[in-house]
$ cat upload_27.cif   # mmCIF, C-alpha atoms
data_target
#
loop_
_atom_site.label_atom_id
_atom_site.label_comp_id
_atom_site.auth_asym_id
_atom_site.auth_seq_id
_atom_site.Cartn_x
_atom_site.Cartn_y
_atom_site.Cartn_z
CA MET A 703 -122.63 -173.68 -30.25
CA SER A 704 -125.36 -171.95 -32.19
CA GLY A 705 -127.36 -175.17 -32.49
CA SER A 706 -127.39 -175.88 -28.75
CA ARG A 707 -130.53 -175.60 -26.69
CA ARG A 708 -130.56 -172.39 -24.64
CA VAL A 709 -131.77 -172.29 -21.07
CA THR A 710 -134.75 -169.94 -20.96
CA VAL A 711 -136.20 -170.75 -17.54
CA GLY A 712 -135.03 -172.58 -14.46
CA ASP A 713 -133.18 -171.89 -11.25
CA VAL A 714 -129.68 -172.37 -12.67
CA ALA A 715 -130.12 -169.86 -15.49
CA ALA A 716 -131.84 -167.31 -13.25
CA ARG A 717 -129.12 -167.45 -10.59
CA LEU A 718 -126.34 -167.21 -13.14
CA ARG A 719 -127.90 -164.23 -14.90
CA ALA A 720 -128.60 -162.42 -11.64
CA SER A 721 -124.98 -162.67 -10.55
CA THR A 722 -123.26 -161.33 -13.67
CA GLY A 723 -123.40 -157.70 -12.56
CA ASP A 724 -120.55 -158.10 -10.09
CA MET A 725 -118.51 -160.55 -12.14
CA ARG A 726 -115.24 -159.99 -13.93
CA ASP A 727 -115.23 -160.24 -17.72
CA SER A 728 -113.62 -163.69 -17.58
CA GLU A 729 -116.34 -164.95 -15.24
CA ARG A 730 -119.06 -163.48 -17.48
CA ARG A 731 -117.63 -165.46 -20.38
CA VAL A 732 -118.08 -168.62 -18.31
CA VAL A 733 -121.74 -167.74 -17.68
CA GLU A 734 -122.26 -167.02 -21.38
CA VAL A 735 -120.90 -170.48 -22.25
CA ILE A 736 -123.15 -172.16 -19.69
CA LEU A 737 -126.29 -170.32 -20.79
CA GLY A 738 -125.45 -170.60 -24.47
CA ALA A 739 -124.74 -174.33 -24.52
CA PRO A 740 -126.23 -176.03 -21.45
CA ASP A 741 -126.34 -179.41 -23.21
CA VAL A 742 -122.60 -179.23 -23.84
CA VAL A 743 -121.72 -177.94 -20.37
CA ALA A 744 -123.83 -180.61 -18.64
CA ASP A 745 -121.65 -183.24 -20.30
CA SER A 746 -118.29 -181.45 -19.93
CA SER A 747 -115.52 -181.29 -17.35
CA VAL A 748 -114.52 -178.05 -15.68
CA SER A 749 -111.38 -177.90 -17.85
CA GLU A 750 -113.44 -178.30 -21.03
CA VAL A 751 -115.73 -175.43 -19.99
CA ALA A 752 -112.67 -173.32 -19.18
CA ARG A 753 -111.35 -173.96 -22.68
CA LEU A 754 -114.67 -172.98 -24.24
CA ALA A 755 -114.69 -169.75 -22.22
CA GLY A 756 -111.04 -169.03 -22.90
CA THR A 757 -110.17 -168.87 -19.22
CA ALA A 758 -108.77 -170.91 -16.32
CA THR A 759 -110.53 -173.72 -14.44
CA SER A 760 -110.31 -171.66 -11.26
CA THR A 761 -112.31 -168.92 -13.00
CA VAL A 762 -115.05 -171.43 -13.89
CA VAL A 763 -115.31 -172.52 -10.26
CA ARG A 764 -115.24 -168.89 -9.07
CA ALA A 765 -118.03 -167.91 -11.46
CA CYS A 766 -120.20 -170.78 -10.17
CA LYS A 767 -119.55 -169.81 -6.56
CA SER A 768 -120.29 -166.16 -7.32
CA ALA A 769 -123.75 -167.28 -8.47
CA GLY A 770 -124.36 -168.99 -5.14
CA PHE A 771 -123.49 -172.56 -6.12
CA SER A 772 -121.06 -174.72 -4.16
CA GLY A 773 -119.03 -175.25 -7.31
CA PHE A 774 -119.12 -176.40 -10.92
CA HIS A 775 -120.52 -179.84 -10.08
CA GLU A 776 -123.65 -178.35 -8.51
CA VAL A 777 -124.19 -176.24 -11.64
CA LYS A 778 -123.92 -179.39 -13.78
CA LEU A 779 -126.47 -181.25 -11.68
CA GLY A 780 -128.82 -178.27 -11.84
CA LEU A 781 -128.46 -178.06 -15.61
CA LEU A 782 -129.23 -181.74 -15.98
CA SER A 783 -132.43 -181.33 -13.97
CA ASP A 784 -133.45 -178.17 -15.87
CA LEU A 785 -132.82 -179.77 -19.25
CA ALA A 786 -134.60 -182.98 -18.26
CA LEU A 787 -137.70 -181.00 -17.32
CA ARG A 788 -137.71 -179.38 -20.77
CA ARG A 789 -137.26 -182.61 -22.68
CA PRO A 790 -140.04 -185.13 -23.12
CA ASP A 791 -139.46 -187.94 -20.66
CA PRO A 792 -137.98 -190.97 -22.50
CA LEU A 793 -140.63 -193.14 -20.89
CA THR A 794 -143.23 -191.32 -22.99
CA GLN A 795 -141.12 -189.89 -25.79
CA LEU A 796 -139.48 -193.11 -26.98
CA GLN A 797 -142.25 -195.56 -26.37
CA GLU A 798 -145.43 -193.41 -26.32
CA LEU A 799 -146.49 -194.63 -22.91
CA GLY A 800 -149.56 -192.95 -21.56
CA THR A 801 -152.81 -193.42 -19.71
CA GLY A 802 -154.01 -195.83 -22.39
CA THR A 803 -150.94 -198.08 -22.19
CA THR A 804 -151.72 -201.54 -20.90
CA PRO A 805 -149.76 -203.00 -17.96
CA GLU A 806 -148.37 -205.66 -20.30
CA GLU A 807 -147.01 -203.01 -22.68
CA THR A 808 -145.59 -200.98 -19.81
CA VAL A 809 -143.63 -203.84 -18.30
CA ARG A 810 -142.13 -204.73 -21.69
CA VAL A 811 -141.06 -201.12 -22.30
CA VAL A 812 -139.55 -200.65 -18.86
CA MET A 813 -137.66 -203.94 -19.08
CA ARG A 814 -136.33 -203.03 -22.50
CA LEU A 815 -135.17 -199.59 -21.30
CA SER A 816 -133.57 -201.17 -18.24
CA ALA A 817 -131.66 -203.60 -20.44
CA ALA A 818 -130.46 -200.72 -22.61
CA ALA A 819 -129.29 -198.81 -19.52
CA LEU A 820 -127.30 -201.81 -18.28
CA GLU A 821 -125.70 -202.38 -21.67
CA SER A 822 -124.68 -198.73 -21.86
CA ALA A 823 -123.34 -198.71 -18.28
CA ALA A 824 -121.08 -201.70 -18.95
CA ALA A 825 -118.96 -199.48 -21.20
CA THR A 826 -118.40 -196.83 -18.52
CA VAL A 827 -116.83 -199.04 -15.83
CA ASP A 828 -113.05 -198.57 -15.55
CA ALA A 829 -111.74 -202.16 -15.61
CA PRO A 830 -108.39 -201.45 -13.86
CA ALA A 831 -110.18 -199.47 -11.14
CA PHE A 832 -112.67 -202.32 -10.72
CA ALA A 833 -109.79 -204.78 -10.30
CA ARG A 834 -108.15 -202.55 -7.69
CA VAL A 835 -111.39 -202.33 -5.69
CA VAL A 836 -111.79 -206.12 -5.80
CA SER A 837 -108.21 -206.54 -4.56
CA LYS A 838 -108.69 -204.07 -1.71
CA ILE A 839 -111.98 -205.63 -0.60
CA SER A 840 -110.52 -209.15 -0.70
CA SER A 841 -107.93 -208.25 1.94
CA ALA A 842 -109.91 -205.66 3.92
CA SER A 843 -110.08 -205.91 7.68
CA ARG A 844 -113.43 -204.09 7.63
CA ILE A 845 -115.73 -202.79 4.93
CA LEU A 846 -118.06 -199.87 5.54
CA VAL A 847 -120.66 -199.46 2.80
CA VAL A 848 -122.18 -195.99 2.54
CA GLY A 849 -125.46 -195.23 0.81
CA LEU A 850 -128.18 -192.75 1.70
CA GLY A 851 -131.48 -191.81 0.10
CA THR A 852 -132.03 -193.68 -3.16
CA SER A 853 -128.56 -195.24 -2.81
CA MET A 854 -129.42 -196.91 0.49
CA ALA A 855 -130.90 -200.04 -1.10
CA PRO A 856 -127.82 -200.80 -3.26
CA ALA A 857 -125.55 -200.14 -0.25
CA GLN A 858 -127.54 -202.50 1.97
CA ASP A 859 -127.42 -205.15 -0.76
CA ALA A 860 -123.64 -204.75 -1.10
CA ALA A 861 -123.07 -205.22 2.63
CA TYR A 862 -125.41 -208.24 2.72
CA ARG A 863 -123.64 -209.94 -0.18
CA LEU A 864 -120.19 -209.26 1.26
CA ARG A 865 -121.28 -210.72 4.60
CA ILE A 866 -122.46 -213.88 2.81
CA LEU A 867 -118.87 -214.29 1.57
CA GLY A 868 -117.58 -213.89 5.13
CA PHE A 869 -116.41 -210.29 5.00
CA ASN A 870 -116.79 -207.95 7.98
CA ALA A 871 -119.14 -205.56 6.17
CA THR A 872 -121.69 -203.12 7.56
CA ALA A 873 -124.01 -200.52 6.05
CA PRO A 874 -125.68 -198.39 8.74
CA SER A 875 -128.81 -196.63 7.54
CA ASP A 876 -128.25 -193.34 9.37
CA SER A 877 -125.54 -190.74 8.83
CA TYR A 878 -124.52 -190.59 12.51
CA SER A 879 -123.70 -194.29 12.71
CA LEU A 880 -121.92 -194.09 9.36
CA GLU A 881 -119.67 -191.28 10.54
CA ILE A 882 -118.92 -193.02 13.85
CA GLN A 883 -118.00 -196.26 12.08
CA ALA A 884 -115.93 -194.37 9.51
CA SER A 885 -113.87 -192.82 12.31
CA GLN A 886 -113.15 -196.34 13.63
CA LEU A 887 -111.67 -197.61 10.35
CA ASP A 888 -107.95 -197.97 9.72
CA GLY A 889 -105.47 -198.40 6.90
CA GLY A 890 -106.60 -201.96 6.26
CA ALA A 891 -110.26 -201.06 5.84
CA VAL A 892 -112.35 -200.12 2.81
CA CYS A 893 -115.07 -197.49 2.67
CA LEU A 894 -117.33 -198.27 -0.31
CA VAL A 895 -119.59 -195.32 -1.13
CA VAL A 896 -122.65 -195.68 -3.36
CA SER A 897 -123.89 -192.29 -4.56
CA HIS A 898 -125.63 -191.47 -7.83
CA SER A 899 -124.48 -187.83 -7.85
CA GLY A 900 -121.31 -188.22 -5.79
CA ALA A 901 -122.32 -185.01 -4.06
CA THR A 902 -124.53 -186.09 -1.13
CA LYS A 903 -123.30 -184.05 1.84
CA ASP A 904 -123.58 -186.76 4.49
CA SER A 905 -121.95 -189.38 2.26
CA LEU A 906 -119.15 -186.94 1.47
CA LEU A 907 -118.57 -186.32 5.19
CA VAL A 908 -118.35 -190.07 5.86
CA ALA A 909 -115.91 -190.52 2.95
CA GLN A 910 -113.77 -187.65 4.25
CA THR A 911 -113.73 -189.19 7.74
CA ALA A 912 -112.71 -192.59 6.34
CA LYS A 913 -109.98 -190.99 4.25
CA GLN A 914 -108.58 -189.13 7.26
CA VAL A 915 -108.06 -192.36 9.19
CA GLY A 916 -106.31 -194.00 6.25
CA ALA A 917 -109.07 -196.23 4.84
CA TYR A 918 -109.28 -196.99 1.13
CA VAL A 919 -112.24 -195.09 -0.35
CA ALA A 920 -114.04 -196.45 -3.42
CA LEU A 921 -117.01 -194.79 -5.08
CA ILE A 922 -119.81 -196.29 -7.18
CA SER A 923 -121.50 -193.41 -8.98
CA SER A 924 -123.03 -192.15 -12.21
CA PHE A 925 -120.50 -189.31 -12.56
CA MET A 926 -116.73 -189.42 -12.97
CA GLN A 927 -116.32 -185.93 -11.53
CA SER A 928 -117.88 -185.08 -8.18
CA PRO A 929 -116.84 -184.01 -4.67
CA ILE A 930 -116.64 -187.61 -3.45
CA ALA A 931 -114.81 -188.70 -6.63
CA GLU A 932 -112.14 -186.07 -5.96
CA LEU A 933 -111.07 -187.76 -2.73
CA ALA A 934 -111.81 -191.38 -3.66
CA ASP A 935 -108.97 -193.80 -4.40
CA ALA A 936 -111.09 -195.48 -7.09
CA VAL A 937 -114.22 -194.40 -8.96
CA LEU A 938 -116.52 -196.93 -10.64
CA VAL A 939 -118.95 -195.16 -12.97
CA ALA A 940 -122.06 -197.10 -13.94
CA GLY A 941 -125.08 -195.38 -15.43
CA GLY A 942 -125.29 -191.77 -16.47
CA PRO A 943 -127.30 -188.57 -16.57
CA LYS A 944 -128.58 -188.67 -20.15
CA GLN A 945 -131.75 -190.70 -19.82
CA GLY A 946 -134.20 -188.14 -18.51
CA PHE A 947 -135.24 -187.13 -15.04
CA ARG A 948 -137.37 -190.10 -13.96
CA LEU A 949 -135.58 -192.81 -15.92
CA GLU A 950 -132.23 -191.63 -14.56
CA SER A 951 -133.22 -192.21 -10.94
CA MET A 952 -134.43 -195.72 -11.77
CA SER A 953 -131.62 -196.81 -14.06
CA SER A 954 -128.84 -195.54 -11.79
CA ARG A 955 -129.95 -197.84 -8.96
CA LEU A 956 -130.26 -200.72 -11.41
CA CYS A 957 -126.76 -200.11 -12.80
CA HIS A 958 -125.23 -199.76 -9.35
CA LEU A 959 -126.85 -203.01 -8.20
CA ALA A 960 -125.47 -204.75 -11.28
CA LEU A 961 -121.99 -203.43 -10.50
CA ILE A 962 -122.31 -204.71 -6.92
CA ASP A 963 -123.31 -208.10 -8.34
CA ALA A 964 -120.17 -208.00 -10.48
CA LEU A 965 -118.03 -207.33 -7.38
CA PHE A 966 -119.70 -210.22 -5.56
CA VAL A 967 -119.24 -212.67 -8.44
CA THR A 968 -115.63 -211.62 -9.05
CA LEU A 969 -114.75 -212.17 -5.40
CA ALA A 970 -116.50 -215.54 -5.39
CA ILE A 971 -114.65 -216.67 -8.54
CA ALA A 972 -111.30 -215.49 -7.22
CA TYR A 973 -111.62 -217.61 -4.06
CA PRO A 974 -113.85 -220.55 -5.10
CA ASP A 975 -113.24 -222.96 -2.22
CA TRP A 976 -113.57 -220.30 0.44
CA ALA A 977 -116.60 -218.70 -1.26
CA ASN A 978 -118.39 -222.02 -1.88
CA GLN A 979 -118.22 -222.93 1.80
CA ARG A 980 -119.88 -219.68 2.77
CA LEU A 981 -122.42 -219.83 -0.04
CA ASP A 982 -123.36 -223.34 1.10
CA VAL A 983 -123.97 -222.01 4.62
CA ALA A 984 -126.16 -219.21 3.24
CA ALA A 985 -128.08 -221.72 1.13
CA ARG A 986 -128.75 -223.93 4.15
CA VAL A 987 -129.93 -220.97 6.22
CA THR A 988 -132.23 -219.89 3.39
CA ALA A 989 -133.59 -223.41 2.90
CA GLY A 990 -134.34 -223.64 6.60
CA ARG A 991 -136.63 -220.62 6.32
CA LEU A 992 -138.76 -222.03 3.51
CA VAL A 993 -142.24 -223.36 4.25
#

$ encode --input "upload_27.cif" --output "structure tokens"
Amino acid sequence: MSGSRRVTVGDVAARLRASTGDMRDSERRVVEVILGAPDVVADSSVSEVARLAGTATSTVVRACKSAGFSGFHEVKLGLLSDLALRRPDPLTQLQELGTGTTPEETVRVVMRLSAAALESAAATVDAPAFARVVSKISSASRILVVGLGTSMAPAQDAAYRLRILGFNATAPSDSYSLEIQASQLDGGAVCLVVSHSGATKDSLLVAQTAKQVGAYVALISSFMQSPIAELADAVLVAGGPKQGFRLESMSSRLCHLALIDALFVTLAIAYPDWANQRLDVAARVTAGRLV
């Protein structure tokens, strides 16, 4: 790990260093691994970090909590932000965009980077998990789509598209309505959560509520391991944390929207007669609104 980039500033490193005084030797080894190889840790599972530190996964989690974090996942997210701030943003590093870049050049660069993000994300989607989610949605009595913050737009789009196909789908925009509707689900319902980090507190609470009443919980995210992923019945990973701070926030929404499109198209293909009738209705309604 001698060639890894060391964290020299940033909230994560400072909090970890400040907490080592009261830690056990095994926990200190965890901190040493995190500070010595943040690039590696940011892309590792808790078990992989435990192996690097020569300790148990529970010790890794305990060390993170001793430093004031909620757990290992929060440390990973913090490392990703810290490292992104130290690296040149890909929008300027890879394509030399700057104040002198013309609008025409900018749009070409952004489109090219978006295409690259989508191509990369296609390889991260678990095909069997995707098929299971399609199957559950196709027979769901109700579908509650959850998305807050930057994930609200993809969630709203998912609910809209599912309603076009005739599904009973809703996507409330506030956490209170989401939690209330989650508590009203049952074993035949699906709770589809869209969350880039998989760690948004309100989205996690809604997912927990849906799980408690027996609903099937599916997650669309950029991370395989997260608090919501731990309780989800299926996790669909599209996008990732390696593109830099600003590009990540843009590309994750793009990748999640593409995955929602894939769900929509798969459902439509699976039930062509039924889907075509509803798509025809939507087309007529749309045509009636044109001037």

$ residues_around --input "upload_27.cif" --residues "A:Leu864" --least-positions-apart "2" --cutoff "12 Å" --atoms "only C-alpha atoms" --output "PyMOL selection string"
chain A and resi 836+839-840+842+844-847+857-862+866-873+894+962-970+977+980-981+984

$ closest_residue --input "upload_27.cif" --among "A:Ser905, A:Ser837, A:Ala823, A:Asp888" --to "A:Ala960" --atoms "all atoms listed in the file"
A:Ala823

$ atom_distance --input "upload_27.cif" --atom1 "atom CA of A:Ile930" --atom2 "atom CA of A:Ser877"
15.5 Å

$ resolve_selection --input "upload_27.cif" --expression "the PyMOL selection byres ((chain A and resi 898) around 12)" --output "ChimeraX atom specification"
/A:779,848-854,856-857,895-897,899-902,905,921-931,937-943,950-959

$ resolve_selection --input "upload_27.cif" --expression "the PyMOL selection byres ((chain A and resi 750-765) around 8)" --output "list of chain:residue names"
A:Met725, A:Ser728, A:Glu729, A:Arg730, A:Arg731, A:Val732, A:Val733, A:Val735, A:Val743, A:Ser746, A:Ser747, A:Val748, A:Ser749, A:Cys766, A:Lys767, A:Ser768, A:Ala769, A:Gly773, A:Phe774

$ resolve_selection --input "upload_27.cif" --expression "the PyMOL selection byres ((chain A and resi 884) around 12)" --output "ChimeraX atom specification"
/A:844-848,872-874,877-883,885-889,891-895,904-919

$ closest_residue --input "upload_27.cif" --among "A:Lys838, A:Arg863, A:Arg726, A:Arg719" --to "A:Ala936" --atoms "all atoms listed in the file"
A:Lys838

$ build_atoms --input "upload_27.cif" --residues "stretch 761-780 of chain A" --atoms "N, CA and C atoms" --output "short mmCIF file (atom, residue, chain, number, x, y, z; two decimals), in the coordinates of the input"
data_model
loop_
_atom_site.label_atom_id
_atom_site.label_comp_id
_atom_site.auth_asym_id
_atom_site.auth_seq_id
_atom_site.Cartn_x
_atom_site.Cartn_y
_atom_site.Cartn_z
N THR A 761 -111.33 -169.96 -12.67
CA THR A 761 -112.31 -168.92 -13.00
C THR A 761 -113.69 -169.53 -13.16
N VAL A 762 -113.77 -170.74 -13.74
CA VAL A 762 -115.05 -171.43 -13.89
C VAL A 762 -115.65 -171.70 -12.51
N VAL A 763 -114.84 -172.22 -11.62
CA VAL A 763 -115.31 -172.52 -10.26
C VAL A 763 -115.72 -171.23 -9.55
N ARG A 764 -114.93 -170.17 -9.72
CA ARG A 764 -115.24 -168.89 -9.07
C ARG A 764 -116.54 -168.31 -9.58
N ALA A 765 -116.79 -168.43 -10.87
CA ALA A 765 -118.03 -167.91 -11.46
C ALA A 765 -119.23 -168.66 -10.89
N CYS A 766 -119.10 -169.98 -10.73
CA CYS A 766 -120.20 -170.78 -10.17
C CYS A 766 -120.46 -170.39 -8.72
N LYS A 767 -119.39 -170.19 -7.97
CA LYS A 767 -119.55 -169.81 -6.56
C LYS A 767 -120.12 -168.40 -6.43
N SER A 768 -119.76 -167.52 -7.35
CA SER A 768 -120.29 -166.16 -7.32
C SER A 768 -121.80 -166.15 -7.53
N ALA A 769 -122.30 -167.17 -8.23
CA ALA A 769 -123.75 -167.28 -8.47
C ALA A 769 -124.47 -168.00 -7.35
N GLY A 770 -123.73 -168.37 -6.30
CA GLY A 770 -124.36 -168.99 -5.14
C GLY A 770 -124.33 -170.51 -5.13
N PHE A 771 -123.61 -171.11 -6.09
CA PHE A 771 -123.49 -172.56 -6.12
C PHE A 771 -122.25 -173.00 -5.34
N SER A 772 -122.23 -174.24 -4.91
CA SER A 772 -121.06 -174.72 -4.16
C SER A 772 -119.86 -174.92 -5.07
N GLY A 773 -120.11 -175.06 -6.35
CA GLY A 773 -119.03 -175.25 -7.31
C GLY A 773 -119.59 -175.66 -8.66
N PHE A 774 -118.71 -176.05 -9.56
CA PHE A 774 -119.12 -176.40 -10.92
C PHE A 774 -120.02 -177.63 -10.95
N HIS A 775 -119.73 -178.60 -10.06
CA HIS A 775 -120.52 -179.84 -10.08
C HIS A 775 -121.98 -179.57 -9.76
N GLU A 776 -122.26 -178.67 -8.83
CA GLU A 776 -123.65 -178.35 -8.51
C GLU A 776 -124.35 -177.68 -9.70
N VAL A 777 -123.62 -176.86 -10.43
CA VAL A 777 -124.19 -176.24 -11.64
C VAL A 777 -124.55 -177.32 -12.65
N LYS A 778 -123.65 -178.31 -12.84
CA LYS A 778 -123.92 -179.39 -13.78
C LYS A 778 -125.18 -180.17 -13.40
N LEU A 779 -125.29 -180.50 -12.12
CA LEU A 779 -126.47 -181.25 -11.68
C LEU A 779 -127.74 -180.44 -11.89
N GLY A 780 -127.66 -179.13 -11.62
CA GLY A 780 -128.82 -178.27 -11.84
C GLY A 780 -129.20 -178.18 -13.31
#
